Amino acid sequence: MADPDPDPHTKSPKPKSVKPAGVAGECVCEHCDFIRRVLIPEMVHDRYFCEPGSREFVEFDSVDVEHFDRKSNRKNMLHRVTARVKFSGVTHSFPLIIKLPEPHVNLLSSSPFLNEEMFYSKMTLNYGTDGIPKCYLSDLGRYDRPVIVLEDLAARGYTQVDDKLDEDHLKLCMKALATIHGKGLKLRACRFPVFREFYAKLSVPADWLHFHTSTQTGNIRSFEAQDNPGSLDTSLYSALPVDGDLSEKIRKKRDVTTKLELNDFWTICHGNFTRNNLLFRYENGKPSDVKVIDWSTMRYCSPSIDFGHILLQNLPDDRDDNLSTIEAFCRNILRIYLDAVKDEYPEVDRELLEREIIANMPFAYGTIENRVLREAGMMLHTLDRLGSFD
């Protein structure tokens, strides 16, 4: 029996209905019907909820399905599901998140859903499963349609943080991120044919976010455009919230560094490593563990993109705008990240990796949506203090 929530006497309450029809409270859309009538019963029959080697008698009991929308997920349909399975007559419940691709998505080429399916079905065999949700099923057609079935981390007490991450949260994040990057760098160095199978499916032109300053709202607004995923949008520097000297320094940097250059530190990155895709568990009021979700955004690029994305969006609020304090904070977070990469892949050149991260963090700045002008200015001044524009 695979990590269920014991429920031998009572069943979980029915989820909130989406569109009452048929049986009271049930959504009868084709996707919910597929999960209810086909997917979960067949998974029980195929013993996906059993421990390896288990010989227990297992049978389907019941299932509740509700639509679950995450603002950060635009490409997949998500459902929150409670599957109840009888093991030798005793009912246990399994809280699940089930992902289905949108009907219009073309799965014959690269797509966010294919990225995530590849991650759970293939990459975890080499990367391991620490720091991610338990995956019960990741398949493109065994049950007549592509599907990914994951544990519902909320049922295990994991929660999302809506505000800026403090230092304790960031330390956990950086260790998790460094483990991902370190394993990728090690795989690239030691088993390149395997690594190539993964990155070759990611290193294709894709929608890349570009940003302009909106003088009407004081925010940075975004739009999507087909372009080289390594390109740095020159419009980023058309209305910078910094003084003239720093603006000129950034412009000169842009003139000589117009795109990310492929090098030996490129690895498979999450691609949207933000607090929207991080769930934390707590002990005694402090974060004790973190899980990374939504691997549909994976990219083959510099690790500076992931690192800079999470760091710049969570700079400490300093009322006096003390750049020395913020610089010291960033360098400490960078040290934690580099130490963890080194632990995972001892052969990595730490000094060169540090240079790679610092030099290319402006590209991470370019991927951050909806920056208010004051925060954008602080990000740019911080990058300058770290040496990113030298």
# chains A, B, ... in the order shown; residues from 1 in each chain; ligands from 1
call {"tool": "residues_around", "arguments": {"residues": "Lys183 in chain A", "least_positions_apart": "2", "cutoff": "7 Å", "atoms": "only C-alpha atoms", "output": "list of chain:residue names"}}
result
A:Tyr127, A:Thr179, A:Ile180, A:His181, A:Leu185, A:Lys186, A:Leu187, A:Glu344, A:Tyr345
call {"tool": "write_last_selection", "arguments": {"atoms": "N, CA and C atoms", "output": "PDB file, in the first residue's frame"}}
result
ATOM      1  N   TYR A 127      17.548  11.562 -11.736  1.00  0.00           N
ATOM      2  CA  TYR A 127      17.604  12.675 -10.791  1.00  0.00           C
ATOM      3  C   TYR A 127      17.128  12.285  -9.393  1.00  0.00           C
ATOM      4  N   THR A 179      20.616  21.104  -5.667  1.00  0.00           N
ATOM      5  CA  THR A 179      20.584  19.651  -5.860  1.00  0.00           C
ATOM      6  C   THR A 179      20.156  19.312  -7.285  1.00  0.00           C
ATOM      7  N   ILE A 180      19.138  20.014  -7.782  1.00  0.00           N
ATOM      8  CA  ILE A 180      18.675  19.796  -9.153  1.00  0.00           C
ATOM      9  C   ILE A 180      19.780  20.116 -10.150  1.00  0.00           C
ATOM     10  N   HIS A 181      20.383  21.308 -10.008  1.00  0.00           N
ATOM     11  CA  HIS A 181      21.427  21.720 -10.935  1.00  0.00           C
ATOM     12  C   HIS A 181      22.660  20.834 -10.823  1.00  0.00           C
ATOM     13  N   LEU A 185      24.401  18.742 -13.817  1.00  0.00           N
ATOM     14  CA  LEU A 185      25.791  18.942 -14.243  1.00  0.00           C
ATOM     15  C   LEU A 185      26.589  17.642 -14.160  1.00  0.00           C
ATOM     16  N   LYS A 186      26.333  16.867 -13.122  1.00  0.00           N
ATOM     17  CA  LYS A 186      27.023  15.582 -12.981  1.00  0.00           C
ATOM     18  C   LYS A 186      26.600  14.614 -14.072  1.00  0.00           C
ATOM     19  N   LEU A 187      25.314  14.581 -14.374  1.00  0.00           N
ATOM     20  CA  LEU A 187      24.818  13.710 -15.432  1.00  0.00           C
ATOM     21  C   LEU A 187      25.399  14.118 -16.776  1.00  0.00           C
ATOM     22  N   GLU A 344      26.738  17.983  -4.237  1.00  0.00           N
ATOM     23  CA  GLU A 344      26.112  17.063  -5.183  1.00  0.00           C
ATOM     24  C   GLU A 344      27.072  16.641  -6.276  1.00  0.00           C
ATOM     25  N   TYR A 345      27.941  17.555  -6.695  1.00  0.00           N
ATOM     26  CA  TYR A 345      28.867  17.283  -7.800  1.00  0.00           C
ATOM     27  C   TYR A 345      30.236  17.861  -7.418  1.00  0.00           C
TER      28      TYR A 345
END
call {"tool": "residues_around", "arguments": {"residues": "Phe363 in chain A", "least_positions_apart": "2", "cutoff": "8 Å", "atoms": "only C-alpha atoms", "output": "JSON, numbers by chain"}}
result
{"A": [232, 260, 304, 305, 360, 361, 365, 366, 367]}
call {"tool": "residues_around", "arguments": {"residues": "Pro41 in chain A", "least_positions_apart": "2", "cutoff": "9 Å", "atoms": "only C-alpha atoms", "output": "list in words"}}
result
Ile35, Arg36, Arg37, Val38, Leu39, Met43, Val44, His45, Asp46, Glu59, Phe60, Asp61, Ser62 and Val63 of chain A
call {"tool": "write_last_selection", "arguments": {"atoms": "C-alpha atoms", "output": "CSV table (one decimal), in the first residue's frame"}}
result
chain,number,residue,atom,x,y,z
A,35,ILE,CA,-11.1,10.3,-14.1
A,36,ARG,CA,-14.1,8.9,-12.3
A,37,ARG,CA,-15.1,6.1,-14.6
A,38,VAL,CA,-11.8,5.1,-16.4
A,39,LEU,CA,-8.6,6.4,-14.9
A,43,MET,CA,-5.2,2.4,-11.9
A,44,VAL,CA,-6.5,0.4,-8.9
A,45,HIS,CA,-6.8,-2.6,-11.2
A,46,ASP,CA,-3.2,-2.2,-12.3
A,59,GLU,CA,-10.3,-3.2,-5.2
A,60,PHE,CA,-11.8,0.2,-6.2
A,61,ASP,CA,-14.1,1.8,-3.7
A,62,SER,CA,-15.0,5.4,-4.8
A,63,VAL,CA,-13.6,8.6,-6.1
call {"tool": "closest_atom_pairs", "arguments": {"of": "range 108-195 of chain A", "to": "range 287-290 of chain A", "cutoff": "9 Å", "atoms": "only C-alpha atoms", "output": "JSON lines"}}
result
{"residue": "A:Gly131", "atom": "CA", "partner": "A:Val290", "partner_atom": "CA", "distance": 6.4}
{"residue": "A:Ile132", "atom": "CA", "partner": "A:Val290", "partner_atom": "CA", "distance": 8.3}
{"residue": "A:Tyr158", "atom": "CA", "partner": "A:Val290", "partner_atom": "CA", "distance": 8.0}
{"residue": "A:Asp168", "atom": "CA", "partner": "A:Pro287", "partner_atom": "CA", "distance": 6.9}
{"residue": "A:His169", "atom": "CA", "partner": "A:Pro287", "partner_atom": "CA", "distance": 6.3}
{"residue": "A:Leu172", "atom": "CA", "partner": "A:Val290", "partner_atom": "CA", "distance": 6.6}
{"residue": "A:Cys173", "atom": "CA", "partner": "A:Val290", "partner_atom": "CA", "distance": 6.9}
{"residue": "A:Ala176", "atom": "CA", "partner": "A:Val290", "partner_atom": "CA", "distance": 7.6}
call {"tool": "residues_around", "arguments": {"residues": "Leu177 in chain A", "least_positions_apart": "6", "cutoff": "10 Å", "atoms": "only C-alpha atoms", "output": "list of chain:residue names"}}
result
A:Gly131, A:Lys171, A:Cys269, A:His270, A:Phe273, A:Val292, A:Pro303, A:Asp306, A:Phe307, A:Ile310, A:Tyr337, A:Ala340, A:Val341
call {"tool": "atom_distance", "arguments": {"atom1": "CA of Ile40 in chain A", "atom2": "CA of Ala83 in chain A"}}
result
7.0 Å
call {"tool": "select_by_dssp", "arguments": {"residues": "range 85-142 of chain A", "states": "alpha helix (DSSP H)", "output": "number ranges by chain"}}
result
A: 112-118, 124-127
call {"tool": "write_last_selection", "arguments": {"atoms": "C-alpha atoms", "output": "CSV table (one decimal), in the first residue's frame"}}
result
chain,number,residue,atom,x,y,z
A,112,PRO,CA,4.8,22.0,-21.4
A,113,PHE,CA,2.8,18.8,-20.8
A,114,LEU,CA,5.4,16.7,-22.6
A,115,ASN,CA,8.2,18.4,-20.6
A,116,GLU,CA,6.5,17.4,-17.3
A,117,GLU,CA,5.6,13.9,-18.5
A,118,MET,CA,9.3,13.3,-19.5
A,124,THR,CA,13.5,11.0,-12.1
A,125,LEU,CA,15.2,7.7,-12.8
A,126,ASN,CA,18.4,9.7,-12.9
A,127,TYR,CA,17.6,12.7,-10.8
call {"tool": "closest_residue", "arguments": {"among": "A:His67, A:Lys252, A:Arg145, A:Lys175", "to": "Arg80 in chain A", "atoms": "only C-alpha atoms"}}
result
A:His67
call {"tool": "residues_around", "arguments": {"residues": "Asn314 in chain A", "least_positions_apart": "5", "cutoff": "12 Å", "atoms": "only C-alpha atoms", "output": "JSON list (two decimals) with N, CA, C and O atoms, in the first residue's frame"}}
result
[["chain", "number", "residue", "atom", "x", "y", "z"],
["A", 161, "VAL", "N", 3.61, 29.93, -0.01],
["A", 161, "VAL", "CA", 3.85, 31.23, 0.63],
["A", 161, "VAL", "C", 3.49, 32.32, -0.36],
["A", 161, "VAL", "O", 4.01, 32.35, -1.48],
["A", 162, "ASP", "N", 2.61, 33.21, 0.05],
["A", 162, "ASP", "CA", 2.15, 34.28, -0.85],
["A", 162, "ASP", "C", 3.07, 35.49, -0.83],
["A", 162, "ASP", "O", 3.19, 36.20, -1.84],
["A", 163, "ASP", "N", 3.69, 35.77, 0.30],
["A", 163, "ASP", "CA", 4.56, 36.94, 0.42],
["A", 163, "ASP", "C", 6.00, 36.58, 0.10],
["A", 163, "ASP", "O", 6.32, 35.43, -0.19],
["A", 164, "LYS", "N", 6.87, 37.57, 0.19],
["A", 164, "LYS", "CA", 8.28, 37.31, -0.05],
["A", 164, "LYS", "C", 8.81, 36.23, 0.89],
["A", 164, "LYS", "O", 8.42, 36.15, 2.06],
["A", 165, "LEU", "N", 9.73, 35.43, 0.37],
["A", 165, "LEU", "CA", 10.35, 34.39, 1.19],
["A", 165, "LEU", "C", 11.43, 35.01, 2.07],
["A", 165, "LEU", "O", 12.24, 35.82, 1.60],
["A", 166, "ASP", "N", 11.44, 34.63, 3.33],
["A", 166, "ASP", "CA", 12.50, 35.11, 4.21],
["A", 166, "ASP", "C", 13.74, 34.24, 4.06],
["A", 166, "ASP", "O", 13.78, 33.31, 3.24],
["A", 167, "GLU", "N", 14.75, 34.52, 4.85],
["A", 167, "GLU", "CA", 16.04, 33.83, 4.69],
["A", 167, "GLU", "C", 15.91, 32.32, 4.94],
["A", 167, "GLU", "O", 16.53, 31.52, 4.23],
["A", 168, "ASP", "N", 15.13, 31.92, 5.93],
["A", 168, "ASP", "CA", 14.97, 30.50, 6.21],
["A", 168, "ASP", "C", 14.35, 29.77, 5.02],
["A", 168, "ASP", "O", 14.77, 28.67, 4.66],
["A", 169, "HIS", "N", 13.33, 30.38, 4.41],
["A", 169, "HIS", "CA", 12.71, 29.77, 3.24],
["A", 169, "HIS", "C", 13.69, 29.72, 2.07],
["A", 169, "HIS", "O", 13.79, 28.71, 1.36],
["A", 170, "LEU", "N", 14.41, 30.83, 1.86],
["A", 170, "LEU", "CA", 15.32, 30.88, 0.73],
["A", 170, "LEU", "C", 16.45, 29.86, 0.85],
["A", 170, "LEU", "O", 16.88, 29.28, -0.16],
["A", 171, "LYS", "N", 16.93, 29.64, 2.05],
["A", 171, "LYS", "CA", 17.99, 28.64, 2.23],
["A", 171, "LYS", "C", 17.51, 27.26, 1.81],
["A", 171, "LYS", "O", 18.24, 26.52, 1.12],
["A", 173, "CYS", "N", 15.12, 26.65, -0.33],
["A", 173, "CYS", "CA", 14.94, 26.71, -1.78],
["A", 173, "CYS", "C", 16.25, 26.54, -2.51],
["A", 173, "CYS", "O", 16.35, 25.81, -3.51],
["A", 273, "PHE", "N", 11.27, 28.98, -11.46],
["A", 273, "PHE", "CA", 11.55, 28.65, -10.07],
["A", 273, "PHE", "C", 11.17, 29.84, -9.19],
["A", 273, "PHE", "O", 12.00, 30.67, -8.82],
["A", 274, "THR", "N", 9.88, 29.92, -8.88],
["A", 274, "THR", "CA", 9.34, 31.01, -8.08],
["A", 274, "THR", "C", 8.54, 30.43, -6.92],
["A", 274, "THR", "O", 8.27, 29.22, -6.87],
["A", 275, "ARG", "N", 8.12, 31.30, -6.00],
["A", 275, "ARG", "CA", 7.38, 30.79, -4.84],
["A", 275, "ARG", "C", 6.02, 30.21, -5.24],
["A", 275, "ARG", "O", 5.43, 29.45, -4.47],
["A", 307, "PHE", "N", 18.41, 30.59, -10.45],
["A", 307, "PHE", "CA", 18.94, 31.21, -9.23],
["A", 307, "PHE", "C", 18.53, 32.68, -9.13],
["A", 307, "PHE", "O", 18.01, 33.13, -8.09],
["A", 308, "GLY", "N", 18.74, 33.42, -10.20],
["A", 308, "GLY", "CA", 18.42, 34.83, -10.17],
["A", 308, "GLY", "C", 16.94, 35.10, -10.02],
["A", 308, "GLY", "O", 16.53, 36.06, -9.36],
["A", 309, "HIS", "N", 16.12, 34.25, -10.63],
["A", 309, "HIS", "CA", 14.67, 34.44, -10.57],
["A", 309, "HIS", "C", 14.17, 34.40, -9.13],
["A", 309, "HIS", "O", 13.42, 35.28, -8.69],
["A", 326, "ILE", "N", 21.99, 44.30, 1.68],
["A", 326, "ILE", "CA", 21.35, 43.44, 0.69],
["A", 326, "ILE", "C", 22.40, 42.65, -0.08],
["A", 326, "ILE", "O", 22.22, 41.46, -0.37],
["A", 329, "PHE", "N", 23.53, 39.81, 2.07],
["A", 329, "PHE", "CA", 22.47, 38.80, 2.08],
["A", 329, "PHE", "C", 22.56, 37.93, 0.82],
["A", 329, "PHE", "O", 22.53, 36.70, 0.89],
["A", 330, "CYS", "N", 22.69, 38.55, -0.34],
["A", 330, "CYS", "CA", 22.74, 37.82, -1.60],
["A", 330, "CYS", "C", 23.97, 36.93, -1.69],
["A", 330, "CYS", "O", 23.91, 35.80, -2.17],
["A", 333, "ILE", "N", 23.41, 33.83, 0.35],
["A", 333, "ILE", "CA", 22.52, 32.90, -0.33],
["A", 333, "ILE", "C", 23.27, 32.20, -1.48],
["A", 333, "ILE", "O", 23.12, 30.99, -1.70],
["A", 368, "ILE", "N", 11.36, 38.20, -15.14],
["A", 368, "ILE", "CA", 10.47, 38.44, -14.01],
["A", 368, "ILE", "C", 9.31, 39.31, -14.45],
["A", 368, "ILE", "O", 9.50, 40.40, -14.97],
["A", 371, "ARG", "N", 7.12, 43.65, -12.52],
["A", 371, "ARG", "CA", 7.96, 44.30, -11.51],
["A", 371, "ARG", "C", 7.48, 45.74, -11.30],
["A", 371, "ARG", "O", 7.35, 46.48, -12.27],
["A", 375, "GLU", "N", 10.91, 48.15, -6.99],
["A", 375, "GLU", "CA", 11.55, 46.84, -6.83],
["A", 375, "GLU", "C", 12.52, 46.57, -7.97],
["A", 375, "GLU", "O", 13.59, 45.99, -7.77],
["A", 376, "ALA", "N", 12.15, 46.99, -9.18],
["A", 376, "ALA", "CA", 13.04, 46.79, -10.31],
["A", 376, "ALA", "C", 14.34, 47.56, -10.10],
["A", 376, "ALA", "O", 15.44, 47.07, -10.40],
["A", 378, "MET", "N", 15.71, 48.33, -7.24],
["A", 378, "MET", "CA", 16.49, 47.63, -6.22],
["A", 378, "MET", "C", 17.17, 46.40, -6.80],
["A", 378, "MET", "O", 18.34, 46.10, -6.50],
["A", 379, "MET", "N", 16.47, 45.67, -7.67],
["A", 379, "MET", "CA", 17.07, 44.50, -8.31],
["A", 379, "MET", "C", 18.29, 44.89, -9.13],
["A", 379, "MET", "O", 19.35, 44.25, -9.05],
["A", 382, "THR", "N", 21.19, 45.93, -6.96],
["A", 382, "THR", "CA", 21.78, 44.74, -6.34],
["A", 382, "THR", "C", 22.67, 44.00, -7.32],
["A", 382, "THR", "O", 23.79, 43.58, -6.98]]
call {"tool": "atom_distance", "arguments": {"atom1": "CA of Gly285 in chain A", "atom2": "CA of Gly157 in chain A"}}
result
12.6 Å
call {"tool": "atom_distance", "arguments": {"atom1": "CA of Leu311 in chain A", "atom2": "CA of Leu150 in chain A"}}
result
27.7 Å
call {"tool": "residues_around", "arguments": {"residues": "Pro103 in chain A", "least_positions_apart": "6", "cutoff": "12 Å", "atoms": "only C-alpha atoms", "output": "list in words"}}
result
Glu30, His31, Lys75, Asn76, Met77, Phe113, Arg145 and Pro146 of chain A
call {"tool": "residues_around", "arguments": {"residues": "Ser138 in chain A", "least_positions_apart": "4", "cutoff": "8 Å", "atoms": "only C-alpha atoms", "output": "JSON, numbers by chain"}}
result
{"A": [117, 120, 121, 146, 147, 148, 149]}
call {"tool": "write_last_selection", "arguments": {"atoms": "N, CA, C and O atoms", "output": "PDB file, in the first residue's frame"}}
result
ATOM      1  N   GLU A 117       5.753  15.339 -18.371  1.00  0.00           N
ATOM      2  CA  GLU A 117       5.626  13.885 -18.476  1.00  0.00           C
ATOM      3  C   GLU A 117       7.004  13.247 -18.573  1.00  0.00           C
ATOM      4  O   GLU A 117       7.269  12.225 -17.938  1.00  0.00           O
ATOM      5  N   TYR A 120       8.747  13.228 -15.031  1.00  0.00           N
ATOM      6  CA  TYR A 120       8.315  12.213 -14.066  1.00  0.00           C
ATOM      7  C   TYR A 120       8.540  10.792 -14.554  1.00  0.00           C
ATOM      8  O   TYR A 120       8.835   9.893 -13.756  1.00  0.00           O
ATOM      9  N   SER A 121       8.411  10.542 -15.845  1.00  0.00           N
ATOM     10  CA  SER A 121       8.521   9.171 -16.335  1.00  0.00           C
ATOM     11  C   SER A 121       9.962   8.752 -16.615  1.00  0.00           C
ATOM     12  O   SER A 121      10.288   7.562 -16.532  1.00  0.00           O
ATOM     13  N   PRO A 146      -3.209  11.229 -22.481  1.00  0.00           N
ATOM     14  CA  PRO A 146      -2.068  11.565 -21.614  1.00  0.00           C
ATOM     15  C   PRO A 146      -2.539  12.001 -20.230  1.00  0.00           C
ATOM     16  O   PRO A 146      -3.552  12.708 -20.102  1.00  0.00           O
ATOM     17  N   VAL A 147      -1.784  11.610 -19.222  1.00  0.00           N
ATOM     18  CA  VAL A 147      -2.193  11.953 -17.856  1.00  0.00           C
ATOM     19  C   VAL A 147      -0.991  11.870 -16.928  1.00  0.00           C
ATOM     20  O   VAL A 147      -0.079  11.054 -17.122  1.00  0.00           O
ATOM     21  N   ILE A 148      -0.977  12.745 -15.929  1.00  0.00           N
ATOM     22  CA  ILE A 148       0.010  12.701 -14.847  1.00  0.00           C
ATOM     23  C   ILE A 148      -0.762  12.705 -13.535  1.00  0.00           C
ATOM     24  O   ILE A 148      -1.630  13.562 -13.323  1.00  0.00           O
ATOM     25  N   VAL A 149      -0.448  11.751 -12.660  1.00  0.00           N
ATOM     26  CA  VAL A 149      -1.143  11.628 -11.369  1.00  0.00           C
ATOM     27  C   VAL A 149      -0.110  11.797 -10.251  1.00  0.00           C
ATOM     28  O   VAL A 149       0.829  10.996 -10.138  1.00  0.00           O
TER      29      VAL A 149
END
